[in-house]
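Student: I'm passing along model35.cif; it holds mmCIF, C-alpha atoms.
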```cif
data_structure
loop_
_atom_site.label_atom_id
_atom_site.label_comp_id
_atom_site.auth_asym_id
_atom_site.auth_seq_id
_atom_site.Cartn_x
_atom_site.Cartn_y
_atom_site.Cartn_z
CA MET C 1 -47.70 1.09 69.43
CA VAL C 2 -44.10 -0.08 69.96
CA CYS C 3 -41.71 0.86 67.16
CA LYS C 4 -40.29 -2.55 66.33
CA THR C 5 -38.42 -1.74 63.15
CA PHE C 6 -34.94 -0.24 62.82
CA LEU C 7 -33.97 1.51 59.61
CA LEU C 8 -30.21 1.22 59.12
CA LYS C 9 -28.36 3.59 56.81
CA TYR C 10 -24.97 2.91 55.31
CA GLY C 11 -22.42 5.36 53.96
CA GLU C 12 -19.65 4.90 51.43
CA ILE C 13 -20.69 1.43 50.28
CA GLY C 14 -23.53 3.24 48.54
CA ILE C 15 -21.04 4.41 45.88
CA LYS C 16 -19.68 0.94 45.09
CA GLY C 17 -21.59 0.68 41.83
CA LYS C 18 -22.20 -2.83 40.56
CA ASN C 19 -20.39 -4.32 43.58
CA ARG C 20 -22.66 -2.62 46.09
CA GLY C 21 -24.80 -5.72 46.59
CA GLN C 22 -21.81 -7.72 47.80
CA PHE C 23 -20.95 -5.06 50.38
CA GLU C 24 -24.60 -4.91 51.48
CA ASP C 25 -24.67 -8.68 51.98
CA VAL C 26 -21.58 -8.54 54.21
CA LEU C 27 -23.10 -5.67 56.18
CA VAL C 28 -26.34 -7.63 56.68
CA SER C 29 -24.28 -10.55 57.97
CA ARG C 30 -22.40 -8.30 60.42
CA ILE C 31 -25.70 -6.82 61.67
CA ARG C 32 -27.13 -10.29 62.28
CA HIS C 33 -23.99 -11.24 64.21
CA ALA C 34 -24.21 -8.10 66.35
CA LEU C 35 -27.89 -8.66 67.15
CA GLY C 36 -27.21 -12.27 68.08
CA SER C 37 -26.22 -11.14 71.57
CA VAL C 38 -29.37 -9.03 72.05
CA GLU C 39 -32.61 -10.28 73.53
CA GLY C 40 -35.22 -10.78 70.85
CA THR C 41 -35.52 -12.33 67.40
CA PHE C 42 -34.71 -10.15 64.43
CA ASP C 43 -35.31 -10.30 60.69
CA VAL C 44 -32.51 -8.37 58.99
CA HIS C 45 -33.06 -7.69 55.30
CA LYS C 46 -32.24 -5.18 52.61
CA GLU C 47 -34.37 -3.44 50.02
CA GLN C 48 -33.93 -0.41 47.76
CA GLY C 49 -30.76 1.00 49.29
CA ARG C 50 -31.92 0.47 52.85
CA ILE C 51 -31.35 -2.22 55.46
CA TYR C 52 -34.02 -3.03 58.03
CA ALA C 53 -34.02 -5.01 61.27
CA ASP C 54 -37.53 -6.03 62.33
CA VAL C 55 -38.27 -7.40 65.78
CA LEU C 56 -40.27 -10.57 65.20
CA GLY C 57 -43.18 -11.87 67.25
CA ASP C 58 -45.52 -10.18 69.68
CA ASP C 59 -42.99 -9.75 72.48
CA ASP C 60 -42.59 -6.02 73.19
CA SER C 61 -40.09 -6.56 76.01
CA PHE C 62 -37.01 -6.06 73.84
CA ASP C 63 -34.77 -3.17 74.92
CA PRO C 64 -34.37 -0.59 72.12
CA ASP C 65 -31.33 0.93 73.83
CA GLU C 66 -29.63 -2.47 73.87
CA VAL C 67 -30.39 -2.96 70.18
CA ILE C 68 -29.03 0.48 69.31
CA ALA C 69 -25.89 -0.07 71.40
CA ALA C 70 -25.19 -3.30 69.49
CA LEU C 71 -25.80 -1.66 66.11
CA GLN C 72 -23.51 1.25 66.95
CA LYS C 73 -20.60 -1.22 66.91
CA VAL C 74 -21.26 -2.40 63.35
CA PHE C 75 -18.79 -0.82 60.95
CA GLY C 76 -20.47 0.34 57.76
CA LEU C 77 -23.54 1.86 59.44
CA VAL C 78 -23.77 5.65 59.54
CA GLY C 79 -27.33 6.05 60.82
CA ILE C 80 -29.67 4.06 63.07
CA CYS C 81 -33.36 4.97 63.23
CA GLN C 82 -36.09 3.36 65.30
CA VAL C 83 -39.13 3.73 63.08
CA MET C 84 -42.88 3.27 63.12
CA LYS C 85 -43.80 1.06 60.18
CA VAL C 86 -47.39 1.37 58.94
CA PRO C 87 -49.26 0.14 55.84
CA LEU C 88 -49.32 2.27 52.69
CA GLU C 89 -52.36 4.51 53.27
CA ASP C 90 -53.88 7.76 52.11
CA ALA C 91 -52.43 11.06 53.31
CA ASP C 92 -55.04 11.50 56.06
CA GLU C 93 -54.18 8.16 57.67
CA ILE C 94 -50.43 8.78 57.38
CA ALA C 95 -50.95 12.10 59.15
CA GLU C 96 -52.82 10.32 61.95
CA ASP C 97 -49.95 7.82 62.25
CA ALA C 98 -47.52 10.74 62.48
CA VAL C 99 -49.55 12.20 65.36
CA ARG C 100 -49.41 8.88 67.20
CA PHE C 101 -45.68 8.63 66.58
CA ILE C 102 -44.95 12.12 67.95
CA ALA C 103 -47.20 11.57 70.95
CA GLN C 104 -45.38 8.35 71.80
CA THR C 105 -41.85 9.54 71.07
CA TYR C 106 -42.03 12.94 72.76
CA ASP C 107 -44.54 12.11 75.49
CA LEU C 108 -47.18 14.59 74.29
CA THR C 109 -50.94 14.26 74.61
CA PRO C 110 -52.85 15.08 71.42
CA VAL C 111 -56.08 17.07 71.51
CA GLU C 112 -59.09 14.92 70.81
CA ASN C 113 -61.10 15.86 67.69
CA PRO C 114 -59.23 19.11 66.94
CA GLU C 115 -60.74 21.54 64.45
CA GLU C 116 -58.87 21.76 61.18
CA GLY C 117 -56.59 24.78 61.19
CA SER C 118 -57.01 25.43 64.90
CA GLY C 119 -53.35 24.78 65.69
CA GLU C 120 -51.99 27.41 63.34
CA ASN C 121 -53.24 30.29 65.48
CA ALA C 122 -52.55 28.76 68.90
CA VAL C 123 -50.32 30.72 71.28
CA PRO C 124 -46.99 28.89 71.21
CA ASP C 125 -45.54 27.52 74.43
CA PRO C 126 -42.01 28.89 75.16
CA ASP C 127 -40.83 25.28 75.16
CA ALA C 128 -42.66 24.35 71.96
CA ILE C 129 -40.93 21.82 69.71
CA THR C 130 -39.88 23.41 66.45
CA PHE C 131 -40.17 20.94 63.62
CA LYS C 132 -39.99 20.29 59.92
CA VAL C 133 -41.53 17.40 57.97
CA HIS C 134 -39.44 15.78 55.25
CA THR C 135 -41.08 13.17 53.02
CA ARG C 136 -39.17 10.88 50.69
CA ARG C 137 -41.49 9.26 48.16
CA ALA C 138 -39.46 6.28 46.93
CA ASN C 139 -42.69 4.66 45.72
CA LYS C 140 -43.50 6.86 42.73
CA HIS C 141 -46.86 5.13 42.32
CA TYR C 142 -48.10 6.79 45.49
CA PRO C 143 -50.37 9.59 44.23
CA VAL C 144 -49.64 12.30 46.82
CA PRO C 145 -46.51 14.40 46.06
CA SER C 146 -43.91 14.74 48.82
CA MET C 147 -44.46 18.46 49.47
CA GLU C 148 -48.23 17.97 49.66
CA LEU C 149 -47.77 15.19 52.22
CA ASP C 150 -45.35 17.41 54.18
CA ALA C 151 -48.02 20.10 54.40
CA GLU C 152 -50.79 17.67 55.36
CA VAL C 153 -48.75 16.08 58.16
CA GLY C 154 -47.43 19.41 59.43
CA ALA C 155 -50.92 20.90 59.66
CA ARG C 156 -52.23 17.83 61.46
CA LEU C 157 -49.43 18.03 64.04
CA LEU C 158 -50.15 21.69 64.74
CA ASP C 159 -53.83 20.89 65.27
CA ALA C 160 -53.14 17.86 67.47
CA PHE C 161 -50.63 19.66 69.70
CA PRO C 162 -51.71 23.32 69.76
CA GLY C 163 -49.00 25.53 71.19
CA LYS C 164 -46.71 22.53 71.76
CA MET C 165 -45.31 22.41 68.25
CA LYS C 166 -44.19 25.11 65.86
CA VAL C 167 -43.02 24.89 62.25
CA ASP C 168 -39.45 26.02 61.56
CA VAL C 169 -38.17 24.97 58.15
CA HIS C 170 -34.76 26.63 58.59
CA ASP C 171 -33.48 25.47 61.99
CA PRO C 172 -35.91 22.96 63.54
CA SER C 173 -35.12 21.21 66.80
CA MET C 174 -36.82 18.08 65.44
CA MET C 175 -37.06 16.58 61.97
CA LEU C 176 -39.93 14.25 61.19
CA TYR C 177 -39.01 11.89 58.36
CA ILE C 178 -41.57 9.98 56.33
CA GLU C 179 -40.42 7.41 53.77
CA VAL C 180 -43.11 6.17 51.41
CA ARG C 181 -42.19 2.77 49.99
CA ASP C 182 -44.27 -0.41 49.79
CA GLU C 183 -44.95 0.51 53.41
CA VAL C 184 -44.55 3.81 55.22
CA TYR C 185 -41.73 4.45 57.67
CA ILE C 186 -42.00 7.30 60.17
CA TYR C 187 -39.08 8.40 62.34
CA SER C 188 -37.43 11.50 63.80
CA LYS C 189 -34.11 10.53 65.37
CA ILE C 190 -31.07 9.41 63.40
CA LEU C 191 -28.48 8.07 65.81
CA PRO C 192 -24.92 7.91 64.50
CA GLY C 193 -23.27 4.64 63.56
CA PRO C 194 -19.50 4.11 63.58
CA GLY C 195 -19.11 4.54 59.82
CA GLY C 196 -16.35 2.79 57.91
CA MET C 197 -16.67 -0.41 55.91
CA PRO C 198 -18.25 -3.74 56.89
CA VAL C 199 -15.69 -6.09 58.44
CA GLY C 200 -14.84 -8.79 55.93
CA THR C 201 -14.79 -6.63 52.79
CA ASN C 202 -11.09 -5.69 52.79
CA GLY C 203 -8.96 -8.69 53.63
CA ARG C 204 -7.30 -9.86 56.83
CA ALA C 205 -4.47 -8.52 59.00
CA GLN C 206 -2.45 -9.59 62.05
CA LEU C 207 -2.38 -7.10 64.93
CA LEU C 208 0.61 -6.98 67.28
CA LEU C 209 -1.43 -6.51 70.44
CA SER C 210 0.08 -5.40 73.73
CA GLY C 211 -1.45 -4.29 76.99
CA GLY C 212 -0.94 -0.61 76.21
CA ILE C 213 -3.25 2.11 74.97
CA ASP C 214 -2.10 2.27 71.35
CA SER C 215 -2.40 -1.19 69.77
CA PRO C 216 -6.10 -1.81 70.57
CA VAL C 217 -6.93 1.55 68.99
CA ALA C 218 -4.85 0.67 65.93
CA GLY C 219 -6.73 -2.61 65.59
CA TRP C 220 -10.07 -0.82 65.88
CA MET C 221 -9.08 1.65 63.15
CA ILE C 222 -8.01 -1.07 60.72
CA ALA C 223 -11.17 -3.09 61.43
CA LYS C 224 -13.17 0.05 60.68
CA ARG C 225 -11.87 -0.13 57.12
CA GLY C 226 -13.40 -3.60 56.71
CA VAL C 227 -10.36 -5.70 57.65
CA VAL C 228 -10.74 -8.95 59.62
CA LEU C 229 -8.35 -9.03 62.59
CA ASP C 230 -6.26 -11.70 64.24
CA ALA C 231 -3.68 -10.81 66.88
CA THR C 232 -0.35 -11.85 68.40
CA TYR C 233 0.63 -11.07 71.99
CA PHE C 234 4.13 -11.60 73.41
CA HIS C 235 4.13 -12.91 76.98
CA ALA C 236 7.26 -13.18 79.17
CA PRO C 237 6.67 -15.36 82.22
CA PRO C 238 7.75 -15.15 85.02
CA TYR C 239 8.60 -11.50 84.34
CA THR C 240 5.01 -10.82 83.38
CA SER C 241 2.05 -12.20 85.28
CA GLU C 242 -0.99 -14.14 84.20
CA ARG C 243 -2.95 -10.99 84.98
CA ALA C 244 -0.97 -9.16 82.28
CA LYS C 245 -1.98 -11.87 79.83
CA GLN C 246 -5.63 -11.67 80.92
CA LYS C 247 -5.50 -7.90 80.42
CA VAL C 248 -4.58 -8.43 76.77
CA VAL C 249 -7.32 -11.05 76.35
CA ASP C 250 -9.75 -8.50 77.80
CA LEU C 251 -8.54 -5.87 75.33
CA ALA C 252 -9.01 -8.32 72.46
CA LYS C 253 -12.58 -8.94 73.64
CA LEU C 254 -13.28 -5.20 73.69
CA VAL C 255 -11.94 -4.76 70.15
CA SER C 256 -13.89 -7.84 68.99
CA ARG C 257 -17.16 -6.11 69.87
CA TYR C 258 -16.49 -4.04 66.75
CA SER C 259 -14.29 -6.33 64.65
CA GLY C 260 -15.97 -9.65 65.26
CA PRO C 261 -14.10 -12.76 66.48
CA ILE C 262 -10.31 -12.50 66.89
CA ARG C 263 -7.86 -15.38 66.90
CA LEU C 264 -5.31 -14.36 69.56
CA HIS C 265 -1.88 -16.06 69.57
CA VAL C 266 -0.10 -15.84 72.93
CA VAL C 267 3.65 -16.33 72.42
CA ASN C 268 6.10 -17.17 75.21
CA PHE C 269 8.87 -14.68 74.41
CA THR C 270 11.00 -15.07 77.54
CA GLN C 271 13.92 -17.09 76.19
CA ILE C 272 14.24 -14.90 73.11
CA GLN C 273 14.24 -11.74 75.24
CA LEU C 274 16.83 -13.17 77.64
CA ALA C 275 19.10 -14.13 74.74
CA ILE C 276 18.85 -10.65 73.26
CA TYR C 277 19.46 -9.09 76.68
CA GLU C 278 22.56 -11.22 77.27
CA LYS C 279 24.18 -10.99 73.82
CA CYS C 280 23.20 -7.68 72.22
CA PRO C 281 24.06 -4.05 73.05
CA HIS C 282 21.56 -2.76 75.59
CA ASP C 283 20.82 0.44 73.69
CA GLU C 284 19.58 -1.75 70.80
CA LEU C 285 17.43 -4.11 72.91
CA THR C 286 14.05 -2.70 71.97
CA ILE C 287 14.77 -2.55 68.25
CA ILE C 288 16.07 -6.12 68.09
CA MET C 289 13.17 -7.42 70.21
CA ARG C 290 10.71 -5.65 67.91
CA ARG C 291 12.37 -7.25 64.89
CA TYR C 292 11.86 -10.72 66.32
CA MET C 293 8.29 -9.89 67.25
CA MET C 294 7.63 -8.87 63.66
CA ARG C 295 9.16 -12.10 62.37
CA ILE C 296 7.02 -14.25 64.66
CA ALA C 297 3.83 -12.24 64.03
CA GLU C 298 4.42 -12.65 60.30
CA ARG C 299 4.59 -16.42 60.77
CA PHE C 300 1.14 -16.42 62.36
CA ALA C 301 -0.15 -13.95 59.77
CA LYS C 302 0.74 -16.34 56.97
CA GLU C 303 -0.85 -19.26 58.81
CA ASP C 304 -4.04 -17.25 59.37
CA GLY C 305 -4.24 -16.04 55.78
CA SER C 306 -3.46 -12.40 56.58
CA GLN C 307 -2.03 -9.99 54.05
CA ALA C 308 -0.50 -7.41 56.42
CA LEU C 309 0.69 -6.67 59.94
CA VAL C 310 -0.77 -3.91 62.13
CA THR C 311 1.00 -2.03 64.94
CA GLY C 312 0.12 0.88 67.20
CA GLU C 313 3.29 2.86 66.51
CA SER C 314 3.31 6.65 66.12
CA ILE C 315 6.30 8.61 64.82
CA GLY C 316 8.52 9.84 67.62
CA GLN C 317 6.33 8.69 70.50
CA VAL C 318 9.18 6.61 71.96
CA ALA C 319 12.74 5.79 70.88
CA SER C 320 11.69 2.65 69.01
CA GLN C 321 9.23 4.68 66.92
CA THR C 322 11.53 7.17 65.21
CA ILE C 323 11.64 6.89 61.44
CA GLN C 324 15.08 5.30 61.62
CA SER C 325 13.79 2.74 64.14
CA LEU C 326 10.74 1.90 62.04
CA VAL C 327 12.97 1.32 59.01
CA CYS C 328 14.99 -1.18 61.03
CA THR C 329 11.83 -2.87 62.31
CA ASP C 330 10.24 -3.20 58.86
CA ASP C 331 13.37 -4.81 57.46
CA ALA C 332 12.65 -7.91 59.57
CA CYS C 333 9.47 -8.86 57.70
CA THR C 334 8.24 -9.07 54.14
CA MET C 335 4.56 -8.20 54.67
CA PRO C 336 3.34 -4.60 54.55
CA VAL C 337 3.00 -3.03 58.00
CA PHE C 338 -0.04 -0.82 58.63
CA ARG C 339 0.35 1.90 61.26
CA PRO C 340 -2.96 3.77 61.42
CA LEU C 341 -1.79 5.91 64.38
CA ILE C 342 1.41 7.04 62.67
CA GLY C 343 0.57 10.76 62.74
CA PHE C 344 -1.46 10.86 65.96
CA ASP C 345 -0.54 12.72 69.13
CA LYS C 346 -0.80 10.69 72.32
CA GLN C 347 -3.91 12.61 73.38
CA ASP C 348 -5.56 11.76 70.05
CA ILE C 349 -4.98 8.08 70.80
CA VAL C 350 -6.21 8.40 74.38
CA ASP C 351 -9.38 10.13 73.18
CA LEU C 352 -10.09 7.29 70.74
CA SER C 353 -9.41 4.64 73.39
CA LEU C 354 -11.96 6.34 75.64
CA LYS C 355 -14.47 6.42 72.79
CA ILE C 356 -14.18 2.69 72.03
CA GLY C 357 -13.98 1.62 75.68
CA THR C 358 -10.44 0.21 75.89
CA TYR C 359 -8.76 2.94 77.95
CA ASP C 360 -9.68 1.75 81.46
CA THR C 361 -8.38 -1.73 80.69
CA SER C 362 -5.21 -0.47 79.01
CA ILE C 363 -4.14 1.57 82.04
CA GLN C 364 -4.39 -1.32 84.47
CA PRO C 365 -0.95 -1.69 86.15
CA PHE C 366 0.08 -5.03 84.66
CA GLU C 367 3.22 -4.60 82.58
CA ASP C 368 3.93 -6.56 79.42
CA CYS C 369 7.24 -7.84 78.12
CA CYS C 370 8.13 -4.64 76.28
CA THR C 371 8.42 -2.66 79.51
CA ILE C 372 10.38 -5.28 81.48
CA PHE C 373 13.49 -5.31 79.28
CA VAL C 374 13.53 -1.67 78.22
CA ALA C 375 16.94 -0.01 77.89
CA LYS C 376 17.79 3.01 80.04
CA HIS C 377 19.25 4.89 77.08
CA PRO C 378 17.84 3.35 73.86
CA VAL C 379 19.27 4.30 70.51
CA THR C 380 16.96 6.73 68.68
CA LYS C 381 18.65 6.72 65.25
CA PRO C 382 19.71 3.11 64.70
CA ARG C 383 21.51 2.11 61.53
CA LEU C 384 20.20 -1.01 59.87
CA GLU C 385 23.63 -2.47 59.13
CA VAL C 386 24.64 -2.05 62.78
CA ILE C 387 21.44 -3.77 64.00
CA GLN C 388 21.93 -6.63 61.55
CA LYS C 389 25.52 -7.05 62.75
CA SER C 390 24.36 -7.16 66.38
CA GLU C 391 21.84 -9.88 65.52
CA LEU C 392 24.67 -12.10 64.31
CA LYS C 393 25.58 -12.57 67.98
CA LEU C 394 22.31 -14.48 68.32
CA SER C 395 23.01 -16.93 65.51
CA ASP C 396 23.78 -19.74 67.93
CA GLY C 397 20.34 -21.00 68.97
CA ILE C 398 17.99 -18.12 68.15
CA ASP C 399 16.29 -19.93 65.24
CA GLU C 400 15.47 -22.86 67.51
CA MET C 401 14.06 -20.45 70.11
CA VAL C 402 11.82 -18.86 67.49
CA GLU C 403 10.58 -22.25 66.32
CA GLU C 404 9.86 -23.26 69.92
CA ALA C 405 7.99 -19.99 70.58
CA VAL C 406 5.82 -20.52 67.51
CA ARG C 407 5.22 -24.22 68.25
CA THR C 408 4.19 -23.66 71.89
CA ALA C 409 2.06 -20.56 71.33
CA GLU C 410 -1.41 -20.66 72.85
CA THR C 411 -4.27 -19.72 70.53
CA ILE C 412 -7.37 -18.20 72.12
CA GLU C 413 -10.57 -17.62 70.15
CA VAL C 414 -11.93 -14.29 71.38
CA GLY C 415 -15.40 -12.93 70.76
CA ILE C 416 -16.94 -16.12 69.41
#
```
Turn the structure described in the file into structure tokens.

Tutor:
Amino acid sequence: MVCKTFLLKYGEIGIKGKNRGQFEDVLVSRIRHALGSVEGTFDVHKEQGRIYADVLGDDDSFDPDEVIAALQKVFGLVGICQVMKVPLEDADEIAEDAVRFIAQTYDLTPVENPEEGSGENAVPDPDAITFKVHTRRANKHYPVPSMELDAEVGARLLDAFPGKMKVDVHDPSMMLYIEVRDEVYIYSKILPGPGGMPVGTNGRAQLLLSGGIDSPVAGWMIAKRGVVLDATYFHAPPYTSERAKQKVVDLAKLVSRYSGPIRLHVVNFTQIQLAIYEKCPHDELTIIMRRYMMRIAERFAKEDGSQALVTGESIGQVASQTIQSLVCTDDACTMPVFRPLIGFDKQDIVDLSLKIGTYDTSIQPFEDCCTIFVAKHPVTKPRLEVIQKSELKLSDGIDEMVEEAVRTAETIEVGI
């Protein structure tokens, strides 16, 4: 019998009180979207604090690993279980279903017509599976108490697999879970989900996305808290290639596997960068460029209905990320700026990028505009009044350049 039901467990949305149903509905919607790219037809529904995804029809060719991989990118899920769903039956029949489930899941052959109690005295195999049965009787009308059903199922497993299974209630290598509801759900493996909150429950934000390691990870972390993402990328042709742009599109696609669709704005930043390079002190180049990036990203954020900006900055990682530099950068915009990596070491960020699958793309050798115009000796403790004074040198024409950059930006829908 193919296990064609997935029991999906959520975490912190379970403590949302009277609003929990709204969070559950968003999570169900995100699960349906994730399974839309998987072969098979699924019925995703919720009941009694649980969410289920049932494979519909008689086609058993669906790939459980593909389903699980898709579900493990849905923020809000903490546990994914492939379960055997059987009708509500008496304890003897549930025990027989448990035997079939273990035989199928762990590739064991049950003894035919075993004598009751024969398994308890069998000589255990050195590689015997230690196990514990845990029943949750959500349906209080079911007459058999949980502990009694635990004992019945455990005894039946010992008889069916003499020497191959051994009870260990303290440190079992395998847990067998039985949930008694309107139907009975039997499972043993709880695969981890990504946790967090369902995307779409906590507003919208604009990510300043580059081709580096940090910003895709920052976007992933903010999306994990339930925030819908859009993104802005600053392109500088001919100093940066089309391949550099494609690299950022690829990164947005990787993040969108978790966050859902991303609206990516590609801004031609060349003229603005050249003006800054020609008219401003070179040790202040990066700070002033970042200020104009924040201004432009905020423009798109307001158009997209975002409430905040997101960057991949970490204190002290580079000269433009000292506290003094961040103060100067934040002064250029009015929206709050979220920096989820602010206290991370570089290795922490690399480890996360490897986990979410963006690292290999981020390290491709296609430089973005930030690295082309970098100063040899950038200021590390800029003073805001000095930076503002330097920007006055740009007053002739910079506003028109910003308007042109916004007007000509290319918008790419990623992950649709």

Student: Looking at only C-alpha atoms, which of C:Ala297, C:Val199, C:Leu149, C:Val248 is the one that sits closest to Gly226 of chain C?

Tutor: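 Result for the nearest residue to Gly226 of chain C: C:Val199.
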
Student: Counting only C-alpha atoms, which of C:Ser210, C:Ser325, C:Thr105, C:Thr232 gets nearest to Ser188 of chain C?

Tutor: C:Thr105

Student: Rank C:Val83, C:Ile222, C:Leu176, C:Val414 by their smallest atom-to-atom distance to Ile262 of chain C, using only C-alpha atoms, and report the top residue only.

Tutor: C:Val414

Student: Out of C:Asp65, C:Asp150, C:Asp348, C:Asp230, which residue has the shortest atom-to-atom distance to Glu179 of chain C when counting all atoms listed in the file?

Tutor: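 Nearest candidate to Glu179 of chain C out of C:Asp65, C:Asp150, C:Asp348, C:Asp230: C:Asp150.
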
Student: For a quick check of understanding, using only C-alpha atoms, which of C:Ser390, C:Asn113, C:Ser146, C:Gln104 has the smallest distance to Cys280 of chain C?

Tutor: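 Looking at the shortest contact to Cys280 of chain C, the residue is C:Ser390.
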
Student: Selected by the PyMOL selection byres ((chain C and resi 391) around 12) in the shown coordinates: which residues, as an mmCIF file with C-alpha atoms, in the coordinates of the input?

Tutor:
```
data_model
loop_
_atom_site.group_PDB
_atom_site.id
_atom_site.type_symbol
_atom_site.label_atom_id
_atom_site.label_comp_id
_atom_site.auth_asym_id
_atom_site.auth_seq_id
_atom_site.Cartn_x
_atom_site.Cartn_y
_atom_site.Cartn_z
ATOM 1 C CA ILE C 272 14.240 -14.900 73.110
ATOM 2 C CA ALA C 275 19.100 -14.130 74.740
ATOM 3 C CA ILE C 276 18.850 -10.650 73.260
ATOM 4 C CA TYR C 277 19.460 -9.090 76.680
ATOM 5 C CA GLU C 278 22.560 -11.220 77.270
ATOM 6 C CA LYS C 279 24.180 -10.990 73.820
ATOM 7 C CA CYS C 280 23.200 -7.680 72.220
ATOM 8 C CA PRO C 281 24.060 -4.050 73.050
ATOM 9 C CA GLU C 284 19.580 -1.750 70.800
ATOM 10 C CA LEU C 285 17.430 -4.110 72.910
ATOM 11 C CA ILE C 287 14.770 -2.550 68.250
ATOM 12 C CA ILE C 288 16.070 -6.120 68.090
ATOM 13 C CA MET C 289 13.170 -7.420 70.210
ATOM 14 C CA ARG C 291 12.370 -7.250 64.890
ATOM 15 C CA TYR C 292 11.860 -10.720 66.320
ATOM 16 C CA CYS C 328 14.990 -1.180 61.030
ATOM 17 C CA ALA C 332 12.650 -7.910 59.570
ATOM 18 C CA LEU C 384 20.200 -1.010 59.870
ATOM 19 C CA GLU C 385 23.630 -2.470 59.130
ATOM 20 C CA VAL C 386 24.640 -2.050 62.780
ATOM 21 C CA ILE C 387 21.440 -3.770 64.000
ATOM 22 C CA GLN C 388 21.930 -6.630 61.550
ATOM 23 C CA LYS C 389 25.520 -7.050 62.750
ATOM 24 C CA SER C 390 24.360 -7.160 66.380
ATOM 25 C CA LEU C 392 24.670 -12.100 64.310
ATOM 26 C CA LYS C 393 25.580 -12.570 67.980
ATOM 27 C CA LEU C 394 22.310 -14.480 68.320
ATOM 28 C CA SER C 395 23.010 -16.930 65.510
ATOM 29 C CA ASP C 396 23.780 -19.740 67.930
ATOM 30 C CA GLY C 397 20.340 -21.000 68.970
ATOM 31 C CA ILE C 398 17.990 -18.120 68.150
ATOM 32 C CA ASP C 399 16.290 -19.930 65.240
#
```

Student: Here's the selection I'm unsure about, the PyMOL selection byres ((chain C and resi 256) around 12); applied to the file above, which residues does it give, as a PyMOL selection string?

Tutor: chain C and resi 33-34+73-75+199+216-217+219-220+223-224+228-231+249-255+257-264+356-358+413-416

Student: Please write the residues from the selection above to a file, keeping C-alpha atoms, as a PDB file, keeping the file's coordinate frame.

Tutor:
```
ATOM      1  CA  HIS C  33     -23.990 -11.240  64.210  1.00  0.00           C
ATOM      2  CA  ALA C  34     -24.210  -8.100  66.350  1.00  0.00           C
ATOM      3  CA  LYS C  73     -20.600  -1.220  66.910  1.00  0.00           C
ATOM      4  CA  VAL C  74     -21.260  -2.400  63.350  1.00  0.00           C
ATOM      5  CA  PHE C  75     -18.790  -0.820  60.950  1.00  0.00           C
ATOM      6  CA  VAL C 199     -15.690  -6.090  58.440  1.00  0.00           C
ATOM      7  CA  PRO C 216      -6.100  -1.810  70.570  1.00  0.00           C
ATOM      8  CA  VAL C 217      -6.930   1.550  68.990  1.00  0.00           C
ATOM      9  CA  GLY C 219      -6.730  -2.610  65.590  1.00  0.00           C
ATOM     10  CA  TRP C 220     -10.070  -0.820  65.880  1.00  0.00           C
ATOM     11  CA  ALA C 223     -11.170  -3.090  61.430  1.00  0.00           C
ATOM     12  CA  LYS C 224     -13.170   0.050  60.680  1.00  0.00           C
ATOM     13  CA  VAL C 228     -10.740  -8.950  59.620  1.00  0.00           C
ATOM     14  CA  LEU C 229      -8.350  -9.030  62.590  1.00  0.00           C
ATOM     15  CA  ASP C 230      -6.260 -11.700  64.240  1.00  0.00           C
ATOM     16  CA  ALA C 231      -3.680 -10.810  66.880  1.00  0.00           C
ATOM     17  CA  VAL C 249      -7.320 -11.050  76.350  1.00  0.00           C
ATOM     18  CA  ASP C 250      -9.750  -8.500  77.800  1.00  0.00           C
ATOM     19  CA  LEU C 251      -8.540  -5.870  75.330  1.00  0.00           C
ATOM     20  CA  ALA C 252      -9.010  -8.320  72.460  1.00  0.00           C
ATOM     21  CA  LYS C 253     -12.580  -8.940  73.640  1.00  0.00           C
ATOM     22  CA  LEU C 254     -13.280  -5.200  73.690  1.00  0.00           C
ATOM     23  CA  VAL C 255     -11.940  -4.760  70.150  1.00  0.00           C
ATOM     24  CA  ARG C 257     -17.160  -6.110  69.870  1.00  0.00           C
ATOM     25  CA  TYR C 258     -16.490  -4.040  66.750  1.00  0.00           C
ATOM     26  CA  SER C 259     -14.290  -6.330  64.650  1.00  0.00           C
ATOM     27  CA  GLY C 260     -15.970  -9.650  65.260  1.00  0.00           C
ATOM     28  CA  PRO C 261     -14.100 -12.760  66.480  1.00  0.00           C
ATOM     29  CA  ILE C 262     -10.310 -12.500  66.890  1.00  0.00           C
ATOM     30  CA  ARG C 263      -7.860 -15.380  66.900  1.00  0.00           C
ATOM     31  CA  LEU C 264      -5.310 -14.360  69.560  1.00  0.00           C
ATOM     32  CA  ILE C 356     -14.180   2.690  72.030  1.00  0.00           C
ATOM     33  CA  GLY C 357     -13.980   1.620  75.680  1.00  0.00           C
ATOM     34  CA  THR C 358     -10.440   0.210  75.890  1.00  0.00           C
ATOM     35  CA  GLU C 413     -10.570 -17.620  70.150  1.00  0.00           C
ATOM     36  CA  VAL C 414     -11.930 -14.290  71.380  1.00  0.00           C
ATOM     37  CA  GLY C 415     -15.400 -12.930  70.760  1.00  0.00           C
ATOM     38  CA  ILE C 416     -16.940 -16.120  69.410  1.00  0.00           C
TER      39      ILE C 416
END
```

Student: Closest to Arg243 of chain C among C:Gly211, C:Tyr106, C:Gly21, C:Lys166, using all atoms listed in the file?

Tutor: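 Counting all atoms listed in the file, the residue closest to Arg243 of chain C is C:Gly211.
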
Student: On this structure, which residues satisfy the PyMOL selection byres ((chain C and resi 12-18) around 8), written as a count of residues only?

Tutor: 11

Student: Atom CA of Glu96 of chain C and atom CA of Asp159 of chain C, how far apart in Å?

Tutor: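 Rounded to one decimal, the two atoms are 11.1 Å apart.
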